[in-house]
>>> print(open('start.pdb').read())   # PDB, C-alpha atoms
ATOM      1  CA  MET L  13       2.301  49.460  -6.438
ATOM      2  CA  PRO L  14       0.193  46.857  -8.274
ATOM      3  CA  ASP L  15       0.673  43.169  -7.518
ATOM      4  CA  THR L  16       2.827  41.200  -9.902
ATOM      5  CA  PRO L  17       0.603  38.914 -12.000
ATOM      6  CA  ALA L  18       0.901  35.258 -11.005
ATOM      7  CA  THR L  19       2.814  33.066 -13.430
ATOM      8  CA  PRO L  20       0.293  30.732 -15.114
ATOM      9  CA  ALA L  21       0.354  27.070 -14.133
ATOM     10  CA  THR L  22      -0.691  26.138 -17.663
ATOM     11  CA  ILE L  23       0.180  27.463 -21.089
ATOM     12  CA  GLY L  24      -1.678  26.177 -24.104
ATOM     13  CA  TYR L  25      -1.821  22.398 -23.739
ATOM     14  CA  TRP L  26       1.115  22.330 -21.343
ATOM     15  CA  THR L  27       0.897  21.997 -17.562
ATOM     16  CA  ALA L  28       3.758  22.986 -15.286
ATOM     17  CA  GLY L  29       5.776  19.998 -14.097
ATOM     18  CA  VAL L  30       4.307  17.494 -16.580
ATOM     19  CA  ALA L  31       6.988  15.953 -18.805
ATOM     20  CA  ARG L  32       6.330  15.036 -22.422
ATOM     21  CA  LEU L  33       8.460  12.951 -24.746
ATOM     22  CA  SER L  34       9.883  15.298 -27.369
ATOM     23  CA  GLU L  35      12.611  13.228 -29.039
ATOM     24  CA  ARG L  36      13.215   9.485 -29.197
ATOM     25  CA  GLY L  37      16.949   8.837 -29.358
ATOM     26  CA  GLU L  38      18.667   6.250 -31.514
ATOM     27  CA  VAL L  39      18.544   2.780 -30.005
ATOM     28  CA  SER L  40      21.677   0.632 -29.970
ATOM     29  CA  ALA L  41      22.569  -2.669 -28.352
ATOM     30  CA  SER L  42      24.189  -0.857 -25.427
ATOM     31  CA  GLY L  43      21.686   1.899 -24.741
ATOM     32  CA  ALA L  44      19.533   4.835 -25.777
ATOM     33  CA  THR L  45      18.729   8.370 -24.640
ATOM     34  CA  ASP L  46      15.279   9.974 -24.942
ATOM     35  CA  THR L  47      14.535  13.668 -24.434
ATOM     36  CA  TYR L  48      11.564  14.941 -22.443
ATOM     37  CA  THR L  49      10.395  18.568 -22.299
ATOM     38  CA  VAL L  50       8.871  20.191 -19.216
ATOM     39  CA  TYR L  51       7.087  23.540 -18.982
ATOM     40  CA  TRP L  52       8.451  25.351 -15.902
ATOM     41  CA  PRO L  53       7.246  28.969 -15.535
ATOM     42  CA  ASN L  54       9.816  30.052 -12.934
ATOM     43  CA  THR L  55      12.737  30.650 -15.252
ATOM     44  CA  ALA L  56      15.077  31.917 -12.519
ATOM     45  CA  ALA L  57      14.713  29.045 -10.036
ATOM     46  CA  ASP L  58      16.781  25.898  -9.996
ATOM     47  CA  PHE L  59      15.035  22.918 -11.551
ATOM     48  CA  GLY L  60      15.242  19.360 -10.273
ATOM     49  CA  LEU L  61      13.624  15.986 -10.852
ATOM     50  CA  SER L  62      11.431  16.564  -7.795
ATOM     51  CA  ASP L  63       9.697  19.365  -9.744
ATOM     52  CA  VAL L  64       8.330  16.873 -12.293
ATOM     53  CA  VAL L  65       4.935  15.657 -11.115
ATOM     54  CA  SER L  66       4.292  13.162 -13.918
ATOM     55  CA  GLY L  67       5.262  12.057 -17.408
ATOM     56  CA  LEU L  68       8.712  10.548 -16.863
ATOM     57  CA  PRO L  69       9.284   6.787 -16.879
ATOM     58  CA  ASP L  70      10.384   5.167 -13.624
ATOM     59  CA  GLU L  71      13.901   3.979 -12.911
ATOM     60  CA  GLY L  72      14.166   0.389 -14.072
ATOM     61  CA  ASP L  73      11.436   0.732 -16.727
ATOM     62  CA  GLU L  74      12.146  -1.073 -19.984
ATOM     63  CA  HIS L  75      12.653   0.760 -23.279
ATOM     64  CA  PRO L  76       9.510   0.435 -25.464
ATOM     65  CA  SER L  77      11.431  -1.014 -28.423
ATOM     66  CA  ASN L  78      14.144  -2.998 -26.606
ATOM     67  CA  SER L  79      13.292  -4.804 -23.364
ATOM     68  CA  ASP L  80      16.998  -5.409 -22.652
ATOM     69  CA  LEU L  81      17.408  -1.681 -22.023
ATOM     70  CA  THR L  82      16.130  -0.140 -18.782
ATOM     71  CA  VAL L  83      16.067   3.411 -17.388
ATOM     72  CA  ALA L  84      19.382   3.935 -15.627
ATOM     73  CA  GLU L  85      19.468   7.668 -14.888
ATOM     74  CA  PHE L  86      18.046  11.118 -15.596
ATOM     75  CA  LYS L  87      20.072  14.139 -16.691
ATOM     76  CA  ILE L  88      18.814  17.725 -16.672
ATOM     77  CA  ALA L  89      20.086  19.569 -19.751
ATOM     78  CA  GLU L  90      21.639  23.028 -19.624
ATOM     79  CA  HIS L  91      19.044  25.778 -19.272
ATOM     80  CA  GLU L  92      18.996  29.143 -21.056
ATOM     81  CA  PRO L  93      17.969  32.036 -18.767
ATOM     82  CA  GLY L  94      14.440  33.332 -19.413
ATOM     83  CA  VAL L  95      13.264  30.164 -21.197
ATOM     84  CA  VAL L  96      10.274  28.358 -19.681
ATOM     85  CA  TRP L  97      11.119  25.001 -21.271
ATOM     86  CA  ARG L  98      13.407  22.539 -19.477
ATOM     87  CA  ARG L  99      14.794  19.363 -21.014
ATOM     88  CA  ILE L 100      15.421  16.076 -19.224
ATOM     89  CA  LEU L 101      17.465  13.283 -20.770
ATOM     90  CA  VAL L 102      16.333   9.761 -19.885
ATOM     91  CA  VAL L 103      19.252   7.354 -20.228
ATOM     92  CA  TYR L 104      18.630   3.661 -20.947
ATOM     93  CA  THR L 105      21.356   1.030 -20.538
ATOM     94  CA  ARG L 106      21.479  -2.745 -20.731
ATOM     95  CA  GLY L 107      19.879  -4.468 -17.767
ATOM     96  CA  ASP L 108      23.170  -6.016 -16.643
ATOM     97  CA  GLU L 109      25.071  -2.718 -16.638
ATOM     98  CA  GLU L 110      25.163   0.121 -14.108
ATOM     99  CA  SER L 111      24.988   3.806 -14.948
ATOM    100  CA  GLU L 112      28.274   5.683 -14.617
ATOM    101  CA  GLY L 113      26.986   8.748 -12.759
ATOM    102  CA  GLY L 114      27.043  12.225 -14.228
ATOM    103  CA  GLY L 115      23.294  12.643 -13.918
ATOM    104  CA  SER L 116      20.868  14.256 -11.518
ATOM    105  CA  GLY L 117      19.271  10.962 -10.564
ATOM    106  CA  SER L 118      20.507   7.768  -8.961
ATOM    107  CA  GLU L 119      21.687   4.523 -10.482
ATOM    108  CA  SER L 120      19.196   2.127 -11.915
ATOM    109  CA  VAL L 121      17.097   0.270  -9.350
ATOM    110  CA  GLY L 122      17.554  -2.976 -11.192
ATOM    111  CA  LYS L 123      15.998  -5.041 -13.922
ATOM    112  CA  LEU L 124      12.682  -6.797 -13.422
ATOM    113  CA  VAL L 125      13.346 -10.459 -14.263
ATOM    114  CA  ALA L 126      10.148 -12.182 -13.055
ATOM    115  CA  LEU L 127       6.518 -11.179 -12.518
ATOM    116  CA  ASP L 128       3.562 -13.383 -11.656
ATOM    117  CA  TYR L 129       0.168 -13.186  -9.973
ATOM    118  CA  PRO L 130      -0.324 -15.935  -7.366
ATOM    119  CA  VAL L 131      -3.765 -16.704  -5.925
ATOM    120  CA  TYR L 132      -4.112 -16.794  -2.146
ATOM    121  CA  THR L 133      -6.704 -18.667  -0.120
ATOM    122  CA  GLN L 134      -7.701 -16.672   2.931
ATOM    123  CA  SER L 135      -9.352 -18.236   5.962
ATOM    124  CA  GLY L 136     -10.493 -16.147   8.878
ATOM    125  CA  ASP L 137     -13.027 -15.796  11.645
ATOM    126  CA  LEU L 138     -16.521 -14.890  10.473
ATOM    127  CA  VAL L 139     -17.427 -12.221  13.027
ATOM    128  CA  ALA L 140     -20.115 -10.333  11.088
ATOM    129  CA  ASP L 141     -22.760 -11.309   8.564
ATOM    130  CA  GLN L 142     -21.829 -10.160   5.054
ATOM    131  CA  VAL L 143     -25.405  -9.060   4.235
ATOM    132  CA  SER L 144     -26.948  -7.720   7.446
ATOM    133  CA  GLY L 145     -23.683  -6.725   9.135
ATOM    134  CA  ALA L 146     -24.886  -8.201  12.433
ATOM    135  CA  PRO L 147     -22.525 -10.231  14.647
ATOM    136  CA  VAL L 148     -22.574 -13.947  13.802
ATOM    137  CA  LEU L 149     -24.498 -15.734  16.580
ATOM    138  CA  ASN L 150     -26.257 -19.063  16.952
ATOM    139  CA  SER L 151     -30.047 -19.407  16.775
ATOM    140  CA  ALA L 152     -30.304 -18.709  20.518
ATOM    141  CA  GLY L 153     -28.503 -15.399  20.098
ATOM    142  CA  ASP L 154     -25.308 -16.638  21.774
ATOM    143  CA  VAL L 155     -21.692 -16.506  20.619
ATOM    144  CA  PHE L 156     -20.479 -19.748  19.040
ATOM    145  CA  ASP L 157     -18.141 -21.763  21.245
ATOM    146  CA  SER L 158     -15.966 -22.218  18.155
ATOM    147  CA  VAL L 159     -16.074 -19.146  15.897
ATOM    148  CA  PRO L 160     -17.114 -20.018  12.309
ATOM    149  CA  THR L 161     -14.537 -19.393   9.601
ATOM    150  CA  VAL L 162     -14.857 -18.090   6.057
ATOM    151  CA  GLU L 163     -12.595 -18.887   3.083
ATOM    152  CA  THR L 164     -12.040 -16.591   0.110
ATOM    153  CA  LEU L 165      -9.601 -16.290  -2.821
ATOM    154  CA  TYR L 166      -7.611 -13.156  -3.697
ATOM    155  CA  THR L 167      -4.953 -12.253  -6.268
ATOM    156  CA  GLY L 168      -1.480 -11.246  -5.101
ATOM    157  CA  VAL L 169       1.607 -10.005  -6.933
ATOM    158  CA  HIS L 170       5.126 -11.437  -6.966
ATOM    159  CA  TRP L 171       8.221 -10.111  -8.719
ATOM    160  CA  THR L 172      12.000 -10.459  -8.731
ATOM    161  CA  ARG L 173      14.581  -7.749  -9.436
ATOM    162  CA  ARG L 174      18.323  -7.897  -9.926
ATOM    163  CA  LEU L 175      20.193  -5.173  -8.003
ATOM    164  CA  SER L 176      23.796  -4.013  -7.901
ATOM    165  CA  SER L 177      24.558  -3.653  -4.185
ATOM    166  CA  TRP L 178      23.496  -4.303  -0.610
ATOM    167  CA  ALA L 179      22.916  -0.544  -0.247
ATOM    168  CA  LYS L 180      20.037  -0.863  -2.724
ATOM    169  CA  VAL L 181      18.654  -4.047  -1.160
ATOM    170  CA  SER L 182      18.709  -2.999   2.493
ATOM    171  CA  PRO L 183      16.054  -0.211   2.445
ATOM    172  CA  GLN L 184      13.630  -2.513   0.659
ATOM    173  CA  LEU L 185      14.166  -5.382   3.095
ATOM    174  CA  ALA L 186      13.226  -2.956   5.894
ATOM    175  CA  LEU L 187       9.678  -2.931   4.478
ATOM    176  CA  ASP L 188       9.198  -6.669   5.057
ATOM    177  CA  GLY L 189       6.041  -7.437   7.021
ATOM    178  CA  THR L 190       4.429  -4.027   6.576
ATOM    179  CA  VAL L 191       0.997  -3.321   5.112
ATOM    180  CA  ASN L 192      -0.056  -0.411   2.918
ATOM    181  CA  ALA L 193      -1.350   2.604   4.841
ATOM    182  CA  ALA L 194      -2.858   4.040   1.639
ATOM    183  CA  THR L 195      -4.572   2.627  -1.440
ATOM    184  CA  VAL L 196      -2.011   1.354  -3.939
ATOM    185  CA  THR L 197      -1.991  -0.307  -7.374
ATOM    186  CA  ILE L 198       0.866  -2.731  -8.044
ATOM    187  CA  TYR L 199       1.374  -4.006 -11.591
ATOM    188  CA  GLY L 200      -2.333  -3.606 -12.331
ATOM    189  CA  VAL L 201      -3.724  -5.068  -9.078
ATOM    190  CA  ALA L 202      -5.439  -2.542  -6.794
ATOM    191  CA  PHE L 203      -5.212  -2.907  -3.009
ATOM    192  CA  ARG L 204      -7.249  -0.775  -0.630
ATOM    193  CA  LYS L 205      -5.526   0.572   2.461
ATOM    194  CA  ARG L 206      -4.193  -2.057   4.900
ATOM    195  CA  THR L 207      -5.154  -4.983   2.616
ATOM    196  CA  ALA L 208      -1.701  -5.812   1.155
ATOM    197  CA  ARG L 209       1.249  -7.171   3.129
ATOM    198  CA  LEU L 210       4.848  -7.376   1.923
ATOM    199  CA  ARG L 211       7.081 -10.416   2.094
ATOM    200  CA  ILE L 212      10.634  -9.617   0.926
ATOM    201  CA  THR L 213      13.748 -11.782   0.743
ATOM    202  CA  ALA L 214      17.129 -11.235  -0.914
ATOM    203  CA  ARG L 215      20.126 -13.335  -1.892
ATOM    204  CA  ASN L 216      23.527 -12.779  -3.434
ATOM    205  CA  THR L 217      23.965 -14.995  -6.484
ATOM    206  CA  PHE L 218      27.777 -14.485  -6.689
ATOM    207  CA  ASP L 219      27.444 -14.895 -10.457
ATOM    208  CA  GLY L 220      30.065 -12.274 -11.339
ATOM    209  CA  SER L 221      27.562  -9.838 -12.880
ATOM    210  CA  SER L 222      27.220  -6.171 -11.968
ATOM    211  CA  ARG L 223      23.823  -7.034 -10.440
ATOM    212  CA  PRO L 224      24.535 -10.032  -8.218
ATOM    213  CA  TRP L 225      21.719  -9.326  -5.742
ATOM    214  CA  GLU L 226      18.317 -10.871  -6.343
ATOM    215  CA  LEU L 227      15.395  -9.250  -4.517
ATOM    216  CA  ASP L 228      12.223 -11.332  -4.240
ATOM    217  CA  VAL L 229       9.018  -9.398  -3.389
ATOM    218  CA  THR L 230       5.571 -10.847  -2.697
ATOM    219  CA  VAL L 231       2.407  -8.829  -2.000
ATOM    220  CA  GLU L 232      -0.070 -10.943  -0.044
ATOM    221  CA  PRO L 233      -3.715  -9.795  -0.117
ATOM    222  CA  ARG L 234      -6.222 -10.017   2.718
ATOM    223  CA  HIS L 235      -9.745  -8.586   2.887
ATOM    224  CA  THR L 236     -11.961  -8.985   5.942
ATOM    225  CA  PHE L 237     -15.344  -7.295   6.018
ATOM    226  CA  VAL L 238     -16.776  -6.117   9.317
ATOM    227  CA  ASP L 239     -19.930  -4.081   9.724
ATOM    228  CA  SER L 240     -19.513  -0.461  10.802
ATOM    229  CA  SER L 241     -22.146  -0.828  13.546
ATOM    230  CA  CYS L 242     -20.285  -3.645  15.295
ATOM    231  CA  ASP L 243     -17.556  -1.377  16.711
ATOM    232  CA  PHE L 244     -14.738  -3.933  16.650
ATOM    233  CA  ARG L 245     -12.046  -1.315  16.099
ATOM    234  CA  PRO L 246     -10.535   1.517  18.129
ATOM    235  CA  ASP L 247     -12.290   4.808  17.395
ATOM    236  CA  SER L 248      -9.056   6.399  16.114
ATOM    237  CA  THR L 249      -8.723   3.854  13.305
ATOM    238  CA  MET L 250     -12.463   3.503  12.677
ATOM    239  CA  ALA L 251     -12.570   7.014  11.221
ATOM    240  CA  SER L 252      -9.672   6.278   8.871
ATOM    241  CA  TYR L 253     -11.447   3.464   7.034
ATOM    242  CA  ASN L 254     -13.558   4.074   3.951
ATOM    243  CA  ALA L 255     -16.912   2.309   3.721
ATOM    244  CA  VAL L 256     -17.015  -0.314   0.977
ATOM    245  CA  ALA L 257     -19.425  -2.977  -0.235
ATOM    246  CA  GLY L 258     -22.578  -1.655   1.389
ATOM    247  CA  LEU L 259     -22.427  -2.124   5.139
ATOM    248  CA  GLY L 260     -18.863  -3.384   5.270
ATOM    249  CA  TYR L 261     -15.499  -1.909   6.117
ATOM    250  CA  ASP L 262     -12.383  -3.460   4.643
ATOM    251  CA  VAL L 263     -10.278  -4.309   7.690
ATOM    252  CA  GLY L 264      -7.572  -6.039   5.678
ATOM    253  CA  TRP L 265      -4.618  -7.409   7.654
ATOM    254  CA  ASP L 266      -5.959  -6.022  10.921
ATOM    255  CA  VAL L 267      -7.502  -8.945  12.805
ATOM    256  CA  PRO L 268     -11.042  -8.375  14.145
ATOM    257  CA  LEU L 269     -12.309 -10.375  17.104
ATOM    258  CA  LEU L 270     -15.859 -10.651  18.391
ATOM    259  CA  ASP L 271     -16.267  -8.408  21.453
ATOM    260  CA  CYS L 272     -17.531 -10.995  23.901
ATOM    261  CA  GLY L 273     -16.752 -12.424  27.322
ATOM    262  CA  TYR L 274     -18.079 -13.497  30.725
ATOM    263  CA  GLN L 275     -17.920 -10.016  32.309
ATOM    264  CA  TYR L 276     -19.132  -6.577  31.316
ATOM    265  CA  LEU L 277     -18.759  -2.954  32.429
ATOM    266  CA  ASP L 278     -21.821  -1.013  33.558
ATOM    267  CA  THR L 279     -22.510   2.640  32.758
ATOM    268  CA  SER L 280     -21.659   4.019  36.198
ATOM    269  CA  SER L 281     -18.773   6.428  36.743
ATOM    270  CA  PRO L 282     -16.277   4.977  37.232
ATOM    271  CA  PRO L 283     -17.520   1.830  35.447
ATOM    272  CA  GLN L 284     -17.976  -1.281  37.556
ATOM    273  CA  LYS L 285     -17.277  -4.781  36.313
ATOM    274  CA  PHE L 286     -19.973  -7.456  36.673
ATOM    275  CA  ARG L 287     -20.262 -11.098  35.647
ATOM    276  CA  PHE L 288     -22.958 -12.129  33.238
ATOM    277  CA  THR L 289     -25.567 -14.441  34.767
ATOM    278  CA  VAL L 290     -28.317 -16.617  33.352
ATOM    279  CA  THR L 291     -31.473 -17.803  35.096
ATOM    280  CA  ASP L 292     -32.870 -21.309  34.586
ATOM    281  CA  ASP L 293     -36.499 -22.450  34.780
ATOM    282  CA  ALA L 294     -36.227 -23.009  38.530
ATOM    283  CA  GLY L 295     -35.117 -19.419  39.075
ATOM    284  CA  GLN L 296     -31.510 -20.374  39.850
ATOM    285  CA  THR L 297     -28.802 -18.045  38.542
ATOM    286  CA  SER L 298     -25.420 -19.166  37.304
ATOM    287  CA  ALA L 299     -22.594 -18.155  35.015
ATOM    288  CA  PRO L 300     -23.284 -18.783  31.294
ATOM    289  CA  GLN L 301     -21.576 -21.725  29.592
ATOM    290  CA  LEU L 302     -20.735 -19.574  26.560
ATOM    291  CA  PRO L 303     -19.224 -16.066  26.368
ATOM    292  CA  GLN L 304     -21.780 -13.305  25.935
ATOM    293  CA  LEU L 305     -21.776 -10.587  23.286
ATOM    294  CA  LEU L 306     -20.643  -7.238  24.719
ATOM    295  CA  THR L 307     -21.178  -4.982  21.725
ATOM    296  CA  ASN L 308     -24.466  -3.073  21.453
ATOM    297  CA  ASP L 309     -26.264  -5.050  24.171
ATOM    298  CA  GLY L 310     -26.787  -2.094  26.520
ATOM    299  CA  ARG L 311     -24.694  -3.526  29.317
ATOM    300  CA  ASN L 312     -21.230  -2.514  28.217
ATOM    301  CA  ASN L 313     -19.725   0.882  28.956
ATOM    302  CA  GLN L 314     -20.989   3.224  26.232
ATOM    303  CA  ASP L 315     -18.401   6.006  26.660
ATOM    304  CA  GLY L 316     -15.828   4.195  24.522
ATOM    305  CA  SER L 317     -13.310   3.547  27.289
ATOM    306  CA  TYR L 318     -13.627  -0.229  27.304
ATOM    307  CA  PRO L 319     -11.083  -2.199  25.228
ATOM    308  CA  LYS L 320     -11.851  -2.957  21.603
ATOM    309  CA  SER L 321     -10.793  -6.371  20.355
ATOM    310  CA  ILE L 322      -8.537  -6.057  17.329
ATOM    311  CA  LEU L 323      -4.912  -6.541  16.351
ATOM    312  CA  ILE L 324      -3.547  -3.568  14.357
ATOM    313  CA  VAL L 325      -0.650  -4.490  12.073
ATOM    314  CA  ARG L 326       2.352  -2.328  11.226
ATOM    315  CA  THR L 327       2.033  -0.050   8.212
ATOM    316  CA  CYS L 328       4.746   1.298   5.946
ATOM    317  CA  ALA L 329       6.153   4.627   7.102
ATOM    318  CA  GLY L 330       5.107   7.475   4.852
ATOM    319  CA  ASN L 331       2.030   5.610   3.569
ATOM    320  CA  THR L 332       3.798   4.402   0.429
ATOM    321  CA  TRP L 333       6.147   1.708  -0.824
ATOM    322  CA  THR L 334       8.039   3.939  -3.257
ATOM    323  CA  ALA L 335      11.359   2.221  -2.546
ATOM    324  CA  LEU L 336      10.068  -0.877  -4.355
ATOM    325  CA  LYS L 337       9.855   1.001  -7.682
ATOM    326  CA  PHE L 338       6.937  -1.014  -9.043
ATOM    327  CA  LYS L 339       4.682   0.107 -11.894
ATOM    328  CA  THR L 340       1.020   0.845 -11.286
ATOM    329  CA  ALA L 341      -0.171  -0.511 -14.642
ATOM    330  CA  ALA L 342      -0.042  -4.153 -15.678
ATOM    331  CA  PRO L 343       2.534  -4.934 -18.396
ATOM    332  CA  ASN L 344       1.294  -4.935 -21.973
TER
END
>>> encode(input="start.pdb", output="structure tokens")
Amino acid sequence: MPDTPATPATIGYWTAGVARLSERGEVSASGATDTYTVYWPNTAADFGLSDVVSGLPDEGDEHPSNSDLTVAEFKIAEHEPGVVWRRILVVYTRGDEESEGGGSGSESVGKLVALDYPVYTQSGDLVADQVSGAPVLNSAGDVFDSVPTVETLYTGVHWTRRLSSWAKVSPQLALDGTVNAATVTIYGVAFRKRTARLRITARNTFDGSSRPWELDVTVEPRHTFVDSSCDFRPDSTMASYNAVAGLGYDVGWDVPLLDCGYQYLDTSSPPQKFRFTVTDDAGQTSAPQLPQLLTNDGRNNQDGSYPKSILIVRTCAGNTWTALKFKTAAPN
């Protein structure tokens, strides 16, 4: 028996799962409803919002002709058997009103009431040269007694949303202090993996509105470049970083430290620990006054079992911050 031909993923200019605006509803002071059409080749299967890969606005997005109206819910229209076209109704309501159910989606995530782009000054230890990538040492080739610091400026993002209940606030507060495990763009500002950290607070205004909760979100940037040859990170995370800016890796909120000290491990098995020594002009040996560089000097254990000096910060579970419902593009 011949195989059943596969249902095409595209038809004409349509791609399965991509929603397109097909009808703009009448806009009133209280709301509006737009209709989107989706090509879905499996006419017998149930269809849900999770089947739409792109094209729909996000919950909380403003209506293009009335900024007081925001996306409150999505409704999937009745489907005729055998028809490959599905319709989704996007319901807009006033920003201070909640949706009254009846749809396939959830209530509105809240109205965006403030958005700004603060500038952050970042100071940190200068552990590797930005051009050569070599560890930063003094003219004698020793580690500085006080590690030099570098100061740079970066753009962050801050916004405030009004929400209806603690149930909506709580899952977002749980993200406080995390960094992004994957590259993300937030209101037009791009952050490479592990370079953005969240600061989230919330308060109840008790103002009698249907959205009494005010959620305040700040994305703090941090970019620290360390050369790939300096091996300041554990091997398991080293492979997960993408090379950027020539020799550098963007370590972000992870904190690199110069791998130095007064003792080193030799290459025997098992490794033995020895103290560094220096010899003066009279042939007398003594301990050095400054810590010695351990990385790439031939005297540390080369099998990778010695500790690497870095603090790894907590990332957001699932690699994304989807609960925050931010847009990727900057507002017009």
>>> resolve_selection(input="start.pdb", expression="the PyMOL selection byres ((chain L and resi 194) around 7)", output="VMD selection string")
chain L and resid 192 to 193 195 to 196 204 to 205 331 to 332
>>> resolve_selection(input="start.pdb", expression="the PyMOL selection byres ((chain L and resi 33-45) around 7)", output="number ranges by chain")
L: 31-32, 46-49, 81, 101-106
>>> atom_distance(input="start.pdb", atom1="CA of Leu227 in chain L", atom2="CA of Arg173 in chain L")
5.2 Å
>>> atom_distance(input="start.pdb", atom1="CA of Tyr132 in chain L", atom2="CA of Val231 in chain L")
10.3 Å
>>> resolve_selection(input="start.pdb", expression="the PyMOL selection byres ((chain L and resi 287-303) around 9)", output="list in words")
Asp154, Val155, Phe156, Asp157, Cys272, Gly273, Tyr274, Gln275, Tyr276, Leu277, Lys285, Phe286, Gln304 and Leu305 of chain L
>>> closest_residue(input="start.pdb", among="L:Gly168, L:Gly220, L:Pro130, L:Pro20", to="Glu232 in chain L", atoms="only C-alpha atoms")
L:Gly168
>>> closest_residue(input="start.pdb", among="L:Thr133, L:Ser222, L:Ser66, L:Thr82", to="Leu165 in chain L", atoms="all atoms listed in the file")
L:Thr133
>>> residues_around(input="start.pdb", residues="Thr197 in chain L", least_positions_apart="2", cutoff="10 Å", atoms="only C-alpha atoms", output="list of chain:residue names")
L:Thr195, L:Tyr199, L:Gly200, L:Val201, L:Ala202, L:Phe203, L:Arg204, L:Phe338, L:Lys339, L:Thr340, L:Ala341, L:Ala342
>>> atom_distance(input="start.pdb", atom1="CA of Ile100 in chain L", atom2="CA of Ser177 in chain L")
26.4 Å
>>> residues_around(input="start.pdb", residues="Val50 in chain L", least_positions_apart="6", cutoff="8 Å", atoms="only C-alpha atoms", output="number ranges by chain")
L: 28-32, 64, 97-100
>>> closest_residue(input="start.pdb", among="L:Thr22, L:Thr161, L:Ser176, L:Glu226", to="Ala84 in chain L", atoms="all atoms listed in the file")
L:Ser176
>>> closest_residue(input="start.pdb", among="L:Ser158, L:Thr230, L:Thr167, L:Thr217", to="Ala126 in chain L", atoms="only C-alpha atoms")
L:Thr230
>>> closest_residue(input="start.pdb", among="L:Thr27, L:Val96, L:Pro160, L:Glu90", to="Trp52 in chain L", atoms="all atoms listed in the file")
L:Val96
>>> build_atoms(input="start.pdb", residues="range 53-64 of chain L", atoms="N, CA and C atoms", output="mmCIF file, in the coordinates of the input")
data_model
loop_
_atom_site.group_PDB
_atom_site.id
_atom_site.type_symbol
_atom_site.label_atom_id
_atom_site.label_comp_id
_atom_site.auth_asym_id
_atom_site.auth_seq_id
_atom_site.Cartn_x
_atom_site.Cartn_y
_atom_site.Cartn_z
ATOM 1 N N PRO L 53 7.400 27.510 -15.387
ATOM 2 C CA PRO L 53 7.246 28.969 -15.535
ATOM 3 C C PRO L 53 8.270 29.794 -14.781
ATOM 4 N N ASN L 54 8.838 29.281 -13.710
ATOM 5 C CA ASN L 54 9.816 30.052 -12.934
ATOM 6 C C ASN L 54 11.187 29.889 -13.591
ATOM 7 N N THR L 55 11.514 30.797 -14.459
ATOM 8 C CA THR L 55 12.737 30.650 -15.252
ATOM 9 C C THR L 55 14.006 30.895 -14.453
ATOM 10 N N ALA L 56 13.882 31.581 -13.298
ATOM 11 C CA ALA L 56 15.077 31.917 -12.519
ATOM 12 C C ALA L 56 15.445 30.848 -11.511
ATOM 13 N N ALA L 57 14.471 30.019 -11.104
ATOM 14 C CA ALA L 57 14.713 29.045 -10.036
ATOM 15 C C ALA L 57 15.437 27.820 -10.562
ATOM 16 N N ASP L 58 16.162 27.173 -9.653
ATOM 17 C CA ASP L 58 16.781 25.898 -9.996
ATOM 18 C C ASP L 58 15.689 24.880 -10.288
ATOM 19 N N PHE L 59 16.018 23.925 -11.144
ATOM 20 C CA PHE L 59 15.035 22.918 -11.551
ATOM 21 C C PHE L 59 15.604 21.538 -11.251
ATOM 22 N N GLY L 60 14.791 20.704 -10.601
ATOM 23 C CA GLY L 60 15.242 19.360 -10.273
ATOM 24 C C GLY L 60 14.194 18.323 -10.622
ATOM 25 N N LEU L 61 14.565 17.064 -10.525
ATOM 26 C CA LEU L 61 13.624 15.986 -10.852
ATOM 27 C C LEU L 61 12.404 16.001 -9.941
ATOM 28 N N SER L 62 12.560 16.517 -8.730
ATOM 29 C CA SER L 62 11.431 16.564 -7.795
ATOM 30 C C SER L 62 10.348 17.537 -8.260
ATOM 31 N N ASP L 63 10.680 18.420 -9.223
ATOM 32 C CA ASP L 63 9.697 19.365 -9.744
ATOM 33 C C ASP L 63 8.802 18.742 -10.815
ATOM 34 N N VAL L 64 9.135 17.556 -11.272
ATOM 35 C CA VAL L 64 8.330 16.873 -12.293
ATOM 36 C C VAL L 64 7.270 16.031 -11.579
#
